[in-house]
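Novice: Hey, dropping entry_8.cif in here, mmCIF, C-alpha atoms:
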```
data_coords
loop_
_atom_site.group_PDB
_atom_site.id
_atom_site.type_symbol
_atom_site.label_atom_id
_atom_site.label_comp_id
_atom_site.auth_asym_id
_atom_site.auth_seq_id
_atom_site.Cartn_x
_atom_site.Cartn_y
_atom_site.Cartn_z
ATOM 1 C CA MET A 1 0.000 0.000 0.000
ATOM 2 C CA SER A 2 1.457 3.288 -1.011
ATOM 3 C CA ASN A 3 -0.792 5.587 1.025
ATOM 4 C CA GLY A 4 1.096 4.968 4.285
ATOM 5 C CA ASN A 5 -2.057 3.704 6.003
ATOM 6 C CA SER A 6 -1.040 0.055 6.252
ATOM 7 C CA ILE A 7 -0.923 -2.073 9.375
ATOM 8 C CA THR A 8 0.044 -5.671 10.082
ATOM 9 C CA ILE A 9 -0.812 -7.255 13.411
ATOM 10 C CA VAL A 10 -0.408 -10.734 14.865
ATOM 11 C CA GLY A 11 -2.708 -11.822 17.646
ATOM 12 C CA ASN A 12 -5.449 -14.110 18.855
ATOM 13 C CA VAL A 13 -9.064 -14.025 17.699
ATOM 14 C CA THR A 14 -11.213 -12.876 20.645
ATOM 15 C CA ARG A 15 -14.610 -13.797 19.190
ATOM 16 C CA ASP A 16 -15.794 -15.952 16.303
ATOM 17 C CA PRO A 17 -16.336 -13.937 13.109
ATOM 18 C CA GLU A 18 -19.865 -12.616 12.666
ATOM 19 C CA LEU A 19 -20.940 -12.977 9.025
ATOM 20 C CA ARG A 20 -23.583 -10.607 7.663
ATOM 21 C CA PHE A 21 -24.757 -9.577 4.224
ATOM 22 C CA THR A 22 -25.479 -6.074 2.956
ATOM 23 C CA SER A 23 -28.821 -5.340 1.286
ATOM 24 C CA SER A 24 -27.073 -5.877 -2.069
ATOM 25 C CA GLY A 25 -25.891 -9.336 -0.959
ATOM 26 C CA GLN A 26 -22.231 -8.488 -0.285
ATOM 27 C CA ALA A 27 -20.698 -10.541 2.548
ATOM 28 C CA THR A 28 -18.990 -8.801 5.464
ATOM 29 C CA ALA A 29 -17.510 -10.334 8.587
ATOM 30 C CA THR A 30 -16.222 -8.758 11.781
ATOM 31 C CA PHE A 31 -14.149 -10.272 14.549
ATOM 32 C CA GLY A 32 -11.907 -9.132 17.366
ATOM 33 C CA ILE A 33 -8.192 -9.689 17.757
ATOM 34 C CA ALA A 34 -6.028 -9.273 20.859
ATOM 35 C CA VAL A 35 -2.366 -8.346 20.487
ATOM 36 C CA ASN A 36 -0.102 -8.947 23.479
ATOM 37 C CA ARG A 37 3.091 -7.024 24.086
ATOM 38 C CA ARG A 38 5.628 -8.114 26.680
ATOM 39 C CA TRP A 39 8.699 -6.231 27.843
ATOM 40 C CA GLN A 40 11.111 -6.138 30.764
ATOM 41 C CA ASN A 41 10.951 -3.085 32.996
ATOM 42 C CA ARG A 42 14.523 -1.762 33.132
ATOM 43 C CA GLN A 43 14.130 -0.376 36.663
ATOM 44 C CA SER A 44 12.419 -3.320 38.359
ATOM 45 C CA GLN A 45 13.700 -6.058 35.994
ATOM 46 C CA GLN A 46 10.141 -7.464 36.125
ATOM 47 C CA TRP A 47 8.333 -8.602 33.005
ATOM 48 C CA GLU A 48 5.296 -6.485 32.142
ATOM 49 C CA GLU A 49 2.537 -7.141 29.646
ATOM 50 C CA ALA A 50 -0.113 -5.098 27.878
ATOM 51 C CA THR A 51 -2.912 -6.218 25.578
ATOM 52 C CA SER A 52 -4.455 -4.144 22.792
ATOM 53 C CA PHE A 53 -7.806 -5.072 21.260
ATOM 54 C CA PHE A 54 -8.771 -4.389 17.639
ATOM 55 C CA ASP A 55 -11.884 -4.914 15.543
ATOM 56 C CA VAL A 56 -11.255 -6.387 12.094
ATOM 57 C CA VAL A 57 -13.640 -6.045 9.149
ATOM 58 C CA CYS A 58 -13.382 -8.103 5.976
ATOM 59 C CA TRP A 59 -15.499 -8.193 2.844
ATOM 60 C CA ARG A 60 -16.682 -10.492 0.049
ATOM 61 C CA GLU A 61 -14.976 -13.894 -0.318
ATOM 62 C CA MET A 62 -12.515 -13.131 2.491
ATOM 63 C CA ALA A 63 -15.464 -12.519 4.840
ATOM 64 C CA GLU A 64 -16.992 -15.878 3.975
ATOM 65 C CA ASN A 65 -13.628 -17.665 4.251
ATOM 66 C CA ALA A 66 -12.884 -16.008 7.611
ATOM 67 C CA SER A 67 -16.274 -16.975 9.027
ATOM 68 C CA GLU A 68 -15.737 -20.597 7.964
ATOM 69 C CA SER A 69 -12.099 -20.782 9.095
ATOM 70 C CA LEU A 70 -11.521 -18.652 12.181
ATOM 71 C CA THR A 71 -12.537 -19.472 15.723
ATOM 72 C CA LYS A 72 -11.955 -17.794 19.046
ATOM 73 C CA GLY A 73 -8.376 -18.356 20.177
ATOM 74 C CA ALA A 74 -6.854 -18.891 16.714
ATOM 75 C CA ARG A 75 -3.588 -17.001 16.188
ATOM 76 C CA VAL A 76 -3.733 -14.963 12.983
ATOM 77 C CA ILE A 77 -1.830 -12.394 10.960
ATOM 78 C CA VAL A 78 -3.942 -9.517 9.642
ATOM 79 C CA THR A 79 -2.761 -6.923 7.130
ATOM 80 C CA GLY A 80 -4.988 -4.046 6.181
ATOM 81 C CA ARG A 81 -5.688 -0.376 6.590
ATOM 82 C CA LEU A 82 -7.018 1.700 9.451
ATOM 83 C CA GLU A 83 -10.374 3.327 8.917
ATOM 84 C CA GLN A 84 -12.371 5.524 11.277
ATOM 85 C CA ARG A 85 -16.127 5.136 11.320
ATOM 86 C CA ASN A 86 -18.398 7.811 12.825
ATOM 87 C CA TRP A 87 -22.041 7.503 13.811
ATOM 88 C CA GLU A 88 -24.648 8.978 16.089
ATOM 89 C CA THR A 89 -26.571 6.959 18.693
ATOM 90 C CA GLN A 90 -30.352 7.082 19.011
ATOM 91 C CA GLU A 91 -29.778 9.403 21.974
ATOM 92 C CA GLY A 92 -27.869 11.813 19.725
ATOM 93 C CA GLU A 93 -24.404 11.025 21.107
ATOM 94 C CA LYS A 94 -21.574 11.098 18.569
ATOM 95 C CA ARG A 95 -19.394 8.013 18.490
ATOM 96 C CA SER A 96 -16.365 6.927 16.494
ATOM 97 C CA LYS A 97 -14.341 3.776 16.144
ATOM 98 C CA VAL A 98 -11.106 2.858 14.382
ATOM 99 C CA GLU A 99 -11.231 -0.528 12.649
ATOM 100 C CA ILE A 100 -8.798 -2.577 10.603
ATOM 101 C CA ILE A 101 -10.176 -3.212 7.116
ATOM 102 C CA ALA A 102 -8.450 -6.465 6.192
ATOM 103 C CA ASP A 103 -6.616 -6.913 2.902
ATOM 104 C CA GLU A 104 -5.152 -10.296 3.923
ATOM 105 C CA ILE A 105 -5.730 -12.726 6.793
ATOM 106 C CA GLY A 106 -3.650 -15.809 7.438
ATOM 107 C CA PRO A 107 -2.814 -18.297 10.143
ATOM 108 C CA SER A 108 0.251 -17.764 12.286
ATOM 109 C CA LEU A 109 2.429 -20.850 11.985
ATOM 110 C CA ARG A 110 4.561 -20.019 15.007
ATOM 111 C CA TRP A 111 2.808 -22.521 17.300
ATOM 112 C CA ALA A 112 0.368 -24.214 14.922
ATOM 113 C CA THR A 113 0.012 -25.907 11.562
ATOM 114 C CA ALA A 114 -2.534 -25.059 8.890
ATOM 115 C CA GLN A 115 -3.843 -26.809 5.812
ATOM 116 C CA ILE A 116 -4.775 -24.621 2.840
ATOM 117 C CA VAL A 117 -7.995 -25.580 1.056
ATOM 118 C CA ARG A 118 -8.490 -23.608 -2.144
ATOM 119 C CA ASN A 119 -11.978 -22.392 -2.950
ATOM 120 C CA GLU A 120 -13.288 -22.148 -6.477
ATOM 121 C CA ARG A 121 -12.493 -18.653 -7.631
ATOM 122 C CA LYS A 122 -15.368 -16.389 -8.667
ATOM 123 C CA GLY A 123 -15.220 -13.552 -11.166
ATOM 124 C CA PHE A 124 -12.315 -12.469 -13.386
ATOM 125 C CA GLY A 125 -13.686 -14.558 -16.250
ATOM 126 C CA MET A 126 -12.447 -17.767 -14.646
ATOM 127 C CA ASP A 127 -14.776 -19.795 -16.866
ATOM 128 C CA THR A 128 -12.662 -18.624 -19.824
ATOM 129 C CA GLY A 129 -9.354 -19.288 -18.078
ATOM 130 C CA GLU A 130 -8.644 -15.571 -17.679
ATOM 131 C CA VAL A 131 -6.825 -14.624 -14.453
ATOM 132 C CA PRO A 132 -6.096 -11.191 -13.011
ATOM 133 C CA ILE A 133 -2.669 -9.754 -13.783
ATOM 134 C CA ALA A 134 -1.666 -9.837 -10.100
ATOM 135 C CA ALA A 135 -2.422 -13.558 -9.731
ATOM 136 C CA PRO A 136 0.528 -15.900 -9.174
ATOM 137 C CA VAL A 137 1.408 -18.514 -11.764
ATOM 138 C CA GLY A 138 -0.817 -21.560 -11.401
ATOM 139 C CA GLU A 139 -3.893 -21.575 -9.231
ATOM 140 C CA PRO A 140 -4.650 -18.351 -7.371
ATOM 141 C CA ALA A 141 -3.947 -18.734 -3.640
ATOM 142 C CA ARG A 142 -7.368 -17.738 -2.384
ATOM 143 C CA GLY A 143 -9.098 -20.043 0.050
ATOM 144 C CA ALA A 144 -9.986 -21.069 3.539
ATOM 145 C CA TYR A 145 -7.711 -22.857 5.939
ATOM 146 C CA SER A 146 -8.122 -25.166 8.868
ATOM 147 C CA TYR A 147 -6.283 -24.262 12.030
ATOM 148 C CA GLU A 148 -4.957 -26.641 14.675
ATOM 149 C CA GLU A 149 -3.206 -25.331 17.759
ATOM 150 C CA GLU A 150 -0.150 -27.318 18.782
ATOM 151 C CA PRO A 151 0.410 -27.825 22.511
ATOM 152 C CA PHE A 152 3.535 -26.140 23.849
#
```
Could you write out this structure as structure tokens?
Specialist:
Amino acid sequence: MSNGNSITIVGNVTRDPELRFTSSGQATATFGIAVNRRWQNRQSQQWEEATSFFDVVCWREMAENASESLTKGARVIVTGRLEQRNWETQEGEKRSKVEIIADEIGPSLRWATAQIVRNERKGFGMDTGEVPIAAPVGEPARGAYSYEEEPF
């Protein structure tokens, strides 16, 4: 991303993705992710920890794949952009929220294994064999994955 508004986080899913559809039928899924940070306090030599919580939004095929693949506790890598959403409550109070709009979501393989299951690709004239210019050689790597946590 060239606009400078790119973020990559690694953390644990805090709630199963919630899949919804817009009035036009477009899939969207939201889920939470917790990112832990641990450091040693130089004065006390004690380890300290802080957790940040983020809401992640994904759209279209990624939303459907995320809702089928992710479960609470899964460790994932999310790359996307930050976007602020503003709204007004029924009581007239103004609210805002910063969300991560996901461009890519994948399993973290640090303490787990994953098996990639490719979905049939929609659009891009796939029935004619046409693929988008940005697609890798061979089958496009778009699909769901299964996630198994390894004990440690």
Novice: Residues picked by the PyMOL selection byres ((chain A and resi 69-76) around 7) here, as an mmCIF file with C-alpha atoms, in the coordinates of the input?
Specialist:
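Produced file part-v2.cif, reproduced below:
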```
data_model
loop_
_atom_site.group_PDB
_atom_site.id
_atom_site.type_symbol
_atom_site.label_atom_id
_atom_site.label_comp_id
_atom_site.auth_asym_id
_atom_site.auth_seq_id
_atom_site.Cartn_x
_atom_site.Cartn_y
_atom_site.Cartn_z
ATOM 1 C CA VAL A 10 -0.408 -10.734 14.865
ATOM 2 C CA GLY A 11 -2.708 -11.822 17.646
ATOM 3 C CA ASN A 12 -5.449 -14.110 18.855
ATOM 4 C CA VAL A 13 -9.064 -14.025 17.699
ATOM 5 C CA THR A 14 -11.213 -12.876 20.645
ATOM 6 C CA ARG A 15 -14.610 -13.797 19.190
ATOM 7 C CA ASP A 16 -15.794 -15.952 16.303
ATOM 8 C CA PRO A 17 -16.336 -13.937 13.109
ATOM 9 C CA ASN A 65 -13.628 -17.665 4.251
ATOM 10 C CA ALA A 66 -12.884 -16.008 7.611
ATOM 11 C CA SER A 67 -16.274 -16.975 9.027
ATOM 12 C CA GLU A 68 -15.737 -20.597 7.964
ATOM 13 C CA ILE A 77 -1.830 -12.394 10.960
ATOM 14 C CA VAL A 78 -3.942 -9.517 9.642
ATOM 15 C CA ILE A 105 -5.730 -12.726 6.793
ATOM 16 C CA GLY A 106 -3.650 -15.809 7.438
ATOM 17 C CA PRO A 107 -2.814 -18.297 10.143
ATOM 18 C CA SER A 108 0.251 -17.764 12.286
ATOM 19 C CA ALA A 144 -9.986 -21.069 3.539
ATOM 20 C CA TYR A 145 -7.711 -22.857 5.939
ATOM 21 C CA SER A 146 -8.122 -25.166 8.868
#
```
Novice: Of the candidates A:Thr28, A:Glu104, A:Gln90, A:Glu61, which shows the shortest atom-to-atom distance to Arg118 of chain A, using all atoms listed in the file?
Specialist: A:Glu61
Novice: To one decimal place, how far is atom CA of Trp39 of chain A from atom CA of Val57 of chain A in Å?
Specialist: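 Between atom CA of Trp39 of chain A and atom CA of Val57 of chain A the gap is 29.1 Å.
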Novice: Take the PyMOL selection byres ((chain A and resi 30) around 7), apply it to the structure above, and return the hits as an mmCIF file with C-alpha atoms, keeping the file's coordinate frame.
Specialist:
```
data_model
loop_
_atom_site.group_PDB
_atom_site.id
_atom_site.type_symbol
_atom_site.label_atom_id
_atom_site.label_comp_id
_atom_site.auth_asym_id
_atom_site.auth_seq_id
_atom_site.Cartn_x
_atom_site.Cartn_y
_atom_site.Cartn_z
ATOM 1 C CA PRO A 17 -16.336 -13.937 13.109
ATOM 2 C CA GLU A 18 -19.865 -12.616 12.666
ATOM 3 C CA LEU A 19 -20.940 -12.977 9.025
ATOM 4 C CA THR A 28 -18.990 -8.801 5.464
ATOM 5 C CA ALA A 29 -17.510 -10.334 8.587
ATOM 6 C CA PHE A 31 -14.149 -10.272 14.549
ATOM 7 C CA ASP A 55 -11.884 -4.914 15.543
ATOM 8 C CA VAL A 56 -11.255 -6.387 12.094
ATOM 9 C CA VAL A 57 -13.640 -6.045 9.149
ATOM 10 C CA CYS A 58 -13.382 -8.103 5.976
#
```
Novice: Let me make sure I understand: among A:Ile7, A:Phe53, A:Ser24, A:Val98, which one has the smallest atom-to-atom distance to Gly80 of chain A if we use only C-alpha atoms?
Specialist: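 Distance minimum relative to Gly80 of chain A lands on A:Ile7.
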Novice: What does the distance between atom CA of Ala34 of chain A and atom CA of Thr51 of chain A come to in Å, to one decimal place?
Specialist: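 So the two atoms, atom CA of Ala34 of chain A and atom CA of Thr51 of chain A, lie 6.4 Å apart.
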Novice: Report as JSON, numbers by chain the residues that result from applying the PyMOL selection byres ((chain A and resi 82) around 6) to the structure here.
Specialist: {"A": [81, 83, 99, 100]}
Novice: Can those selected residues be exported to a file as a CSV table (one decimal), in the coordinates of the input so that it contains C-alpha atoms?
Specialist:
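For reference, result.csv as written:
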```csv
chain,number,residue,atom,x,y,z
A,81,ARG,CA,-5.7,-0.4,6.6
A,83,GLU,CA,-10.4,3.3,8.9
A,99,GLU,CA,-11.2,-0.5,12.6
A,100,ILE,CA,-8.8,-2.6,10.6
```
Novice: Using Å and a single decimal, report how far atom CA of Asn5 of chain A sits from atom CA of Arg110 of chain A.
Specialist: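 Those two atoms sit 26.2 Å apart.
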Novice: Could you add the missing atoms to segment 11-47 of chain A, up to N, CA and C atoms, and return them as a PDB file, keeping the file's coordinate frame?
Specialist:
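Below you can see selection_25.pdb, which holds the result:
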```pdb
ATOM      1  N   GLY A  11      -2.065 -11.658  16.351  1.00  0.00           N
ATOM      2  CA  GLY A  11      -2.708 -11.822  17.646  1.00  0.00           C
ATOM      3  C   GLY A  11      -3.698 -12.966  17.633  1.00  0.00           C
ATOM      4  N   ASN A  12      -4.483 -13.038  18.695  1.00  0.00           N
ATOM      5  CA  ASN A  12      -5.449 -14.110  18.855  1.00  0.00           C
ATOM      6  C   ASN A  12      -6.872 -13.588  18.659  1.00  0.00           C
ATOM      7  N   VAL A  13      -7.668 -14.375  17.947  1.00  0.00           N
ATOM      8  CA  VAL A  13      -9.064 -14.025  17.699  1.00  0.00           C
ATOM      9  C   VAL A  13      -9.803 -14.058  19.036  1.00  0.00           C
ATOM     10  N   THR A  14     -10.514 -12.970  19.356  1.00  0.00           N
ATOM     11  CA  THR A  14     -11.213 -12.876  20.645  1.00  0.00           C
ATOM     12  C   THR A  14     -12.670 -13.305  20.562  1.00  0.00           C
ATOM     13  N   ARG A  15     -13.228 -13.331  19.374  1.00  0.00           N
ATOM     14  CA  ARG A  15     -14.610 -13.797  19.190  1.00  0.00           C
ATOM     15  C   ARG A  15     -14.751 -14.332  17.772  1.00  0.00           C
ATOM     16  N   ASP A  16     -15.564 -15.372  17.621  1.00  0.00           N
ATOM     17  CA  ASP A  16     -15.794 -15.952  16.303  1.00  0.00           C
ATOM     18  C   ASP A  16     -16.281 -14.872  15.342  1.00  0.00           C
ATOM     19  N   PRO A  17     -15.873 -14.930  14.081  1.00  0.00           N
ATOM     20  CA  PRO A  17     -16.336 -13.937  13.109  1.00  0.00           C
ATOM     21  C   PRO A  17     -17.865 -13.955  12.979  1.00  0.00           C
ATOM     22  N   GLU A  18     -18.421 -12.774  12.861  1.00  0.00           N
ATOM     23  CA  GLU A  18     -19.865 -12.616  12.666  1.00  0.00           C
ATOM     24  C   GLU A  18     -20.082 -12.257  11.197  1.00  0.00           C
ATOM     25  N   LEU A  19     -20.706 -13.164  10.455  1.00  0.00           N
ATOM     26  CA  LEU A  19     -20.940 -12.977   9.025  1.00  0.00           C
ATOM     27  C   LEU A  19     -22.305 -12.355   8.810  1.00  0.00           C
ATOM     28  N   ARG A  20     -22.334 -11.283   8.031  1.00  0.00           N
ATOM     29  CA  ARG A  20     -23.583 -10.607   7.663  1.00  0.00           C
ATOM     30  C   ARG A  20     -23.544 -10.314   6.174  1.00  0.00           C
ATOM     31  N   PHE A  21     -24.671  -9.932   5.634  1.00  0.00           N
ATOM     32  CA  PHE A  21     -24.757  -9.577   4.224  1.00  0.00           C
ATOM     33  C   PHE A  21     -25.424  -8.222   4.089  1.00  0.00           C
ATOM     34  N   THR A  22     -24.878  -7.382   3.210  1.00  0.00           N
ATOM     35  CA  THR A  22     -25.479  -6.074   2.956  1.00  0.00           C
ATOM     36  C   THR A  22     -26.774  -6.287   2.186  1.00  0.00           C
ATOM     37  N   SER A  23     -27.551  -5.231   2.025  1.00  0.00           N
ATOM     38  CA  SER A  23     -28.821  -5.340   1.286  1.00  0.00           C
ATOM     39  C   SER A  23     -28.586  -5.745  -0.164  1.00  0.00           C
ATOM     40  N   SER A  24     -27.394  -5.476  -0.690  1.00  0.00           N
ATOM     41  CA  SER A  24     -27.073  -5.877  -2.069  1.00  0.00           C
ATOM     42  C   SER A  24     -26.491  -7.289  -2.133  1.00  0.00           C
ATOM     43  N   GLY A  25     -26.366  -7.962  -0.976  1.00  0.00           N
ATOM     44  CA  GLY A  25     -25.891  -9.336  -0.959  1.00  0.00           C
ATOM     45  C   GLY A  25     -24.396  -9.503  -0.771  1.00  0.00           C
ATOM     46  N   GLN A  26     -23.681  -8.415  -0.475  1.00  0.00           N
ATOM     47  CA  GLN A  26     -22.231  -8.488  -0.285  1.00  0.00           C
ATOM     48  C   GLN A  26     -21.918  -8.972   1.135  1.00  0.00           C
ATOM     49  N   ALA A  27     -21.050  -9.979   1.241  1.00  0.00           N
ATOM     50  CA  ALA A  27     -20.698 -10.541   2.548  1.00  0.00           C
ATOM     51  C   ALA A  27     -19.729  -9.630   3.280  1.00  0.00           C
ATOM     52  N   THR A  28     -19.920  -9.508   4.598  1.00  0.00           N
ATOM     53  CA  THR A  28     -18.990  -8.801   5.464  1.00  0.00           C
ATOM     54  C   THR A  28     -18.894  -9.574   6.776  1.00  0.00           C
ATOM     55  N   ALA A  29     -17.712  -9.643   7.316  1.00  0.00           N
ATOM     56  CA  ALA A  29     -17.510 -10.334   8.587  1.00  0.00           C
ATOM     57  C   ALA A  29     -16.678  -9.452   9.498  1.00  0.00           C
ATOM     58  N   THR A  30     -16.985  -9.491  10.783  1.00  0.00           N
ATOM     59  CA  THR A  30     -16.222  -8.758  11.781  1.00  0.00           C
ATOM     60  C   THR A  30     -15.800  -9.732  12.878  1.00  0.00           C
ATOM     61  N   PHE A  31     -14.616  -9.494  13.408  1.00  0.00           N
ATOM     62  CA  PHE A  31     -14.149 -10.272  14.549  1.00  0.00           C
ATOM     63  C   PHE A  31     -13.151  -9.428  15.321  1.00  0.00           C
ATOM     64  N   GLY A  32     -12.864  -9.842  16.532  1.00  0.00           N
ATOM     65  CA  GLY A  32     -11.907  -9.132  17.366  1.00  0.00           C
ATOM     66  C   GLY A  32     -10.584  -9.861  17.389  1.00  0.00           C
ATOM     67  N   ILE A  33      -9.523  -9.098  17.635  1.00  0.00           N
ATOM     68  CA  ILE A  33      -8.192  -9.689  17.757  1.00  0.00           C
ATOM     69  C   ILE A  33      -7.475  -8.997  18.911  1.00  0.00           C
ATOM     70  N   ALA A  34      -6.801  -9.790  19.729  1.00  0.00           N
ATOM     71  CA  ALA A  34      -6.028  -9.273  20.859  1.00  0.00           C
ATOM     72  C   ALA A  34      -4.549  -9.425  20.537  1.00  0.00           C
ATOM     73  N   VAL A  35      -3.803  -8.348  20.743  1.00  0.00           N
ATOM     74  CA  VAL A  35      -2.366  -8.346  20.487  1.00  0.00           C
ATOM     75  C   VAL A  35      -1.663  -8.097  21.813  1.00  0.00           C
ATOM     76  N   ASN A  36      -0.831  -9.057  22.217  1.00  0.00           N
ATOM     77  CA  ASN A  36      -0.102  -8.947  23.479  1.00  0.00           C
ATOM     78  C   ASN A  36       1.297  -8.407  23.229  1.00  0.00           C
ATOM     79  N   ARG A  37       1.734  -7.553  24.140  1.00  0.00           N
ATOM     80  CA  ARG A  37       3.091  -7.024  24.086  1.00  0.00           C
ATOM     81  C   ARG A  37       3.725  -7.262  25.446  1.00  0.00           C
ATOM     82  N   ARG A  38       4.939  -7.791  25.440  1.00  0.00           N
ATOM     83  CA  ARG A  38       5.628  -8.114  26.680  1.00  0.00           C
ATOM     84  C   ARG A  38       7.014  -7.479  26.660  1.00  0.00           C
ATOM     85  N   TRP A  39       7.396  -6.871  27.748  1.00  0.00           N
ATOM     86  CA  TRP A  39       8.699  -6.231  27.843  1.00  0.00           C
ATOM     87  C   TRP A  39       9.203  -6.308  29.278  1.00  0.00           C
ATOM     88  N   GLN A  40      10.511  -6.124  29.431  1.00  0.00           N
ATOM     89  CA  GLN A  40      11.111  -6.138  30.764  1.00  0.00           C
ATOM     90  C   GLN A  40      11.324  -4.707  31.231  1.00  0.00           C
ATOM     91  N   ASN A  41      10.786  -4.396  32.389  1.00  0.00           N
ATOM     92  CA  ASN A  41      10.951  -3.085  32.996  1.00  0.00           C
ATOM     93  C   ASN A  41      12.408  -2.935  33.413  1.00  0.00           C
ATOM     94  N   ARG A  42      13.087  -1.928  32.878  1.00  0.00           N
ATOM     95  CA  ARG A  42      14.523  -1.762  33.132  1.00  0.00           C
ATOM     96  C   ARG A  42      14.821  -1.403  34.587  1.00  0.00           C
ATOM     97  N   GLN A  43      13.885  -0.759  35.269  1.00  0.00           N
ATOM     98  CA  GLN A  43      14.130  -0.376  36.663  1.00  0.00           C
ATOM     99  C   GLN A  43      13.893  -1.546  37.615  1.00  0.00           C
ATOM    100  N   SER A  44      12.758  -2.232  37.434  1.00  0.00           N
ATOM    101  CA  SER A  44      12.419  -3.320  38.359  1.00  0.00           C
ATOM    102  C   SER A  44      12.893  -4.685  37.879  1.00  0.00           C
ATOM    103  N   GLN A  45      13.297  -4.796  36.618  1.00  0.00           N
ATOM    104  CA  GLN A  45      13.700  -6.058  35.994  1.00  0.00           C
ATOM    105  C   GLN A  45      12.543  -7.066  35.920  1.00  0.00           C
ATOM    106  N   GLN A  46      11.328  -6.610  36.194  1.00  0.00           N
ATOM    107  CA  GLN A  46      10.141  -7.464  36.125  1.00  0.00           C
ATOM    108  C   GLN A  46       9.569  -7.433  34.703  1.00  0.00           C
ATOM    109  N   TRP A  47       8.995  -8.558  34.303  1.00  0.00           N
ATOM    110  CA  TRP A  47       8.333  -8.602  33.005  1.00  0.00           C
ATOM    111  C   TRP A  47       6.957  -7.977  33.129  1.00  0.00           C
TER     112      TRP A  47
END
```
